[in-house]
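**Student:** Quick one: this structure, given as structure tokens, is what I'll be asking you about.
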Amino acid sequence: MSFEHTRTTPSADDNAALLSEVAAEVARCQACVLYKHALKPVPGDGDPNAAILFIGEAPGRYENQQGKPFVGAAGQFLEDLLRSIGLRRDQVFIANVVKHWPPGNRDPLPEEIATCGGFLDRQIEIINPQVIVTLGRFSMAKFFPGERISRIHGVARRHRNRMVLPLYHPAAALHQANLRRTIEEDFKRIPAALAEAEKLATPAAPIKPPEPAQTPEPPPQQLSLF
Ligand code: SF4
């Protein structure tokens with residue numbers, strides 16, 4: 001399975017520049033209270049042209065210190081999961097639904113997610129991934145509101161022109177050992193989701209116009225001999 005983009009996409013340099021603009025705006029943002037408590041913004045990082053975008057929930061304590069998503073134990077587990085399907089971290093893009101650390105590692109509030117959503121929307125638009133993998137219930141709810149992750153995890157669904165695969169958050173496996181196997185199994189469905197997304201991107205074969213109806217040749221006239 002190739003994880004390379006098969007579409008014609010803007011250059012990685014163009015996307016990197018656009019993503020840097022988003023990151024710079026995140027660094028200046030004071031649209032919700034979260035910036036007040038944070039040490040560093042965590043806009044997200046990875047391949048600007050990635051075929052697969054992972055979306056987590058919010059920066060944790062270590063992410064807040066380093067300005068990078070998924071570091072620490074959950075980040076290490078995510079890298080192990082990526083390796084299990086032949087991927088490296090620098091081949092995907094990783095972001096969160098909110099870009100600053102909620103104090104005390106609390107859940108992000110609905111109004112914070114809504115206020116921050118424009119940054120994530122722009123990242124999705126720039127990267128234009130074929131597959132989005134949501135990690136945890138907050139990013140799942142962006143695409144499948146009202147669903148329960150315990151019901152839909154591991155099943156990729158079409159969302160507009162791409163596939164979205166909802167998974168449990170890797171940190172959940174660190175706290176609930178019985179979820180570890182589930183996440184490992186669900187992760188193996190990413191290549192199939194990518195193959196499905198590639199089919200969506202493949203233009204349908206042009207429909208051939210029907211052949212004009214053949215008018216039967218009139219039978220040759222018998223020449224009268226008389
Ligand atoms: S979490 Fe998002 S909306 Fe809130 S201050 Fe940070 S960048 Fe702005």
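As shown in the structure tokens, the chain order sets the letters A, B, ...; within each chain, residues go from 1, and ligands are also counted from 1 in the order they appear.
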For ligand 1, collect every residue having any atom at a distance of at most 12 Å from a ligand atom (counting only C-alpha atoms and all ligand atoms); output as JSON, numbers by chain.
**Tutor:** {"A": [22, 23, 24, 25, 26, 27, 28, 29, 30, 31, 32, 33, 34, 35, 36, 37, 38, 39, 40, 41, 42, 43, 44, 57, 58, 59, 64, 95, 96, 97, 98, 99, 100, 101, 102, 103, 107, 108, 109, 110, 111, 112, 113, 114, 115, 116, 117, 118, 119, 120, 121]}
**Student:** How would the residues just chosen look if you wrote them out with C-alpha atoms as an mmCIF file, in the first residue's frame?
**Tutor:**
data_model
loop_
_atom_site.group_PDB
_atom_site.id
_atom_site.type_symbol
_atom_site.label_atom_id
_atom_site.label_comp_id
_atom_site.auth_asym_id
_atom_site.auth_seq_id
_atom_site.Cartn_x
_atom_site.Cartn_y
_atom_site.Cartn_z
ATOM 1 C CA VAL A 22 -2.069 29.424 10.246
ATOM 2 C CA ALA A 23 0.505 28.590 12.935
ATOM 3 C CA ALA A 24 1.505 32.253 13.211
ATOM 4 C CA GLU A 25 -2.141 33.257 13.665
ATOM 5 C CA VAL A 26 -2.602 30.551 16.295
ATOM 6 C CA ALA A 27 0.408 31.963 18.159
ATOM 7 C CA ARG A 28 -1.225 35.424 18.221
ATOM 8 C CA CYS A 29 -4.763 34.189 18.921
ATOM 9 C CA GLN A 30 -6.598 35.339 22.046
ATOM 10 C CA ALA A 31 -10.075 34.358 20.886
ATOM 11 C CA CYS A 32 -10.742 32.108 23.872
ATOM 12 C CA VAL A 33 -9.297 31.917 27.369
ATOM 13 C CA LEU A 34 -6.981 28.976 26.693
ATOM 14 C CA TYR A 35 -4.074 31.105 25.498
ATOM 15 C CA LYS A 36 -3.847 32.662 28.969
ATOM 16 C CA HIS A 37 -2.746 29.423 30.618
ATOM 17 C CA ALA A 38 -0.619 28.004 27.845
ATOM 18 C CA LEU A 39 3.149 28.083 27.549
ATOM 19 C CA LYS A 40 3.282 27.373 23.823
ATOM 20 C CA PRO A 41 0.695 27.130 21.047
ATOM 21 C CA VAL A 42 0.412 23.686 19.469
ATOM 22 C CA PRO A 43 -0.878 24.261 15.946
ATOM 23 C CA GLY A 44 0.101 20.830 14.620
ATOM 24 C CA GLU A 57 -8.356 16.613 21.094
ATOM 25 C CA ALA A 58 -6.173 19.237 22.766
ATOM 26 C CA PRO A 59 -2.536 19.664 23.739
ATOM 27 C CA ASN A 64 2.153 22.579 26.022
ATOM 28 C CA ALA A 95 -3.296 18.379 14.672
ATOM 29 C CA ASN A 96 -5.811 18.930 17.458
ATOM 30 C CA VAL A 97 -9.275 20.455 17.658
ATOM 31 C CA VAL A 98 -7.994 23.176 20.008
ATOM 32 C CA LYS A 99 -4.528 24.624 19.750
ATOM 33 C CA HIS A 100 -3.785 25.711 23.312
ATOM 34 C CA TRP A 101 -3.578 23.584 26.434
ATOM 35 C CA PRO A 102 -6.725 23.403 28.561
ATOM 36 C CA PRO A 103 -5.420 23.935 32.121
ATOM 37 C CA ASP A 107 -11.530 18.526 28.310
ATOM 38 C CA PRO A 108 -11.906 21.409 25.885
ATOM 39 C CA LEU A 109 -15.264 23.160 26.264
ATOM 40 C CA PRO A 110 -17.748 23.252 23.373
ATOM 41 C CA GLU A 111 -17.320 27.016 22.962
ATOM 42 C CA GLU A 112 -13.524 26.649 22.860
ATOM 43 C CA ILE A 113 -13.801 23.957 20.180
ATOM 44 C CA ALA A 114 -16.182 26.135 18.172
ATOM 45 C CA THR A 115 -13.984 29.227 18.501
ATOM 46 C CA CYS A 116 -10.835 27.349 17.496
ATOM 47 C CA GLY A 117 -12.518 25.392 14.698
ATOM 48 C CA GLY A 118 -11.605 27.824 11.947
ATOM 49 C CA PHE A 119 -7.907 27.004 12.316
ATOM 50 C CA LEU A 120 -8.540 23.291 11.928
ATOM 51 C CA ASP A 121 -10.851 23.902 8.965
#
**Student:** Run DSSP on the backbone and tell me which residues of stretch 6-194 of chain A come out as strand (DSSP E or B); list them as a list in words.
**Tutor:**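 Of stretch 6-194 of chain A, the ones in strand (DSSP E or B) are Asp45, Gly46, Ile52, Leu53, Phe54, Ile55, Gly56, Phe93, Ile94, Ala95, Asn96, Val131, Ile132, Val133, Thr134, Leu135, Arg157, Arg158, His159, Arg162, Met163, Val164, Leu165, Pro166 and Leu167 of chain A.
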**Student:** Running DSSP on the backbone, which parts of stretch 69-226 of chain A land in alpha helix (DSSP H), as a PyMOL selection string?
**Tutor:** chain A and resi 72-84+110-127+137-143+149-152+170-175+177-187+190-201
**Student:** So which one's closest to A:Ala17, A:Gly136, A:Gly154, A:Pro145, A:Pro48? Using only C-alpha atoms, please.
**Tutor:**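 Smallest separation from A:Ala17 among the options: A:Pro48.
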**Student:** Could you please determine the separation between atom CA of A:Arg189 and atom CA of A:His153 in Å, to one decimal place?
**Tutor:**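 Distance between the two atoms: 10.6 Å.
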**Student:** Let me make sure I understand: among A:Asp13, A:Gln76, A:His159, A:Leu165, which one has the smallest atom-to-atom distance to A:Phe54 if we use only C-alpha atoms?
**Tutor:**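 Among A:Asp13, A:Gln76, A:His159, A:Leu165, it is A:Leu165 that comes nearest to A:Phe54.
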**Student:** Need the shell around A:Pro191: protein/DNA/RNA residues with any atom at most 12 Å away, counting only C-alpha atoms. Skip same-chain ones fewer than 2 positions apart. Format as a list of chain:residue names?
**Tutor:**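 The residues that qualify are A:Met1, A:Ser2, A:Phe3, A:Glu4, A:Ala51, A:Ile52, A:Leu82, A:Ser84, A:Ile85, A:Gly86, A:Leu87, A:Gln130, A:Val131, A:Ile132, A:Val133, A:Ala156, A:Met163, A:Leu165, A:Asp186, A:Phe187, A:Lys188, A:Arg189, A:Ala193, A:Leu194, A:Ala195, A:Glu196, A:Ala197, A:Glu198.
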**Student:** With C-alpha atoms kept, could you save the residues just selected as a PDB file, in the first residue's frame?
**Tutor:**
ATOM      1  CA  MET A   1       0.000   0.000   0.000  1.00  0.00           C
ATOM      2  CA  SER A   2       1.401   3.368  -1.032  1.00  0.00           C
ATOM      3  CA  PHE A   3       0.789   6.304   1.221  1.00  0.00           C
ATOM      4  CA  GLU A   4       1.871   8.794  -1.427  1.00  0.00           C
ATOM      5  CA  ALA A  51      -2.508  11.855   2.529  1.00  0.00           C
ATOM      6  CA  ILE A  52      -3.560  11.178   6.122  1.00  0.00           C
ATOM      7  CA  LEU A  82       2.030   4.336  12.774  1.00  0.00           C
ATOM      8  CA  SER A  84       2.682  -0.996  12.673  1.00  0.00           C
ATOM      9  CA  ILE A  85       1.195   0.064   9.319  1.00  0.00           C
ATOM     10  CA  GLY A  86       4.511   1.087   7.757  1.00  0.00           C
ATOM     11  CA  LEU A  87       4.284   4.825   8.385  1.00  0.00           C
ATOM     12  CA  GLN A 130      -7.552  11.754   1.475  1.00  0.00           C
ATOM     13  CA  VAL A 131      -8.175  10.255   4.911  1.00  0.00           C
ATOM     14  CA  ILE A 132      -8.849  11.948   8.236  1.00  0.00           C
ATOM     15  CA  VAL A 133      -8.323   9.814  11.318  1.00  0.00           C
ATOM     16  CA  ALA A 156     -14.352   4.474   7.936  1.00  0.00           C
ATOM     17  CA  MET A 163     -12.844   9.053   4.150  1.00  0.00           C
ATOM     18  CA  LEU A 165     -11.977   6.921  10.279  1.00  0.00           C
ATOM     19  CA  ASP A 186      -8.628  -0.276  14.343  1.00  0.00           C
ATOM     20  CA  PHE A 187      -5.363   1.261  13.198  1.00  0.00           C
ATOM     21  CA  LYS A 188      -4.904  -1.572  10.710  1.00  0.00           C
ATOM     22  CA  ARG A 189      -7.986  -0.281   8.864  1.00  0.00           C
ATOM     23  CA  ALA A 193      -9.631   3.624   4.185  1.00  0.00           C
ATOM     24  CA  LEU A 194      -6.904   5.150   2.037  1.00  0.00           C
ATOM     25  CA  ALA A 195      -7.590   2.698  -0.779  1.00  0.00           C
ATOM     26  CA  GLU A 196     -11.278   3.599  -0.570  1.00  0.00           C
ATOM     27  CA  ALA A 197     -10.443   7.324  -0.647  1.00  0.00           C
ATOM     28  CA  GLU A 198      -8.286   6.808  -3.723  1.00  0.00           C
TER      29      GLU A 198
END
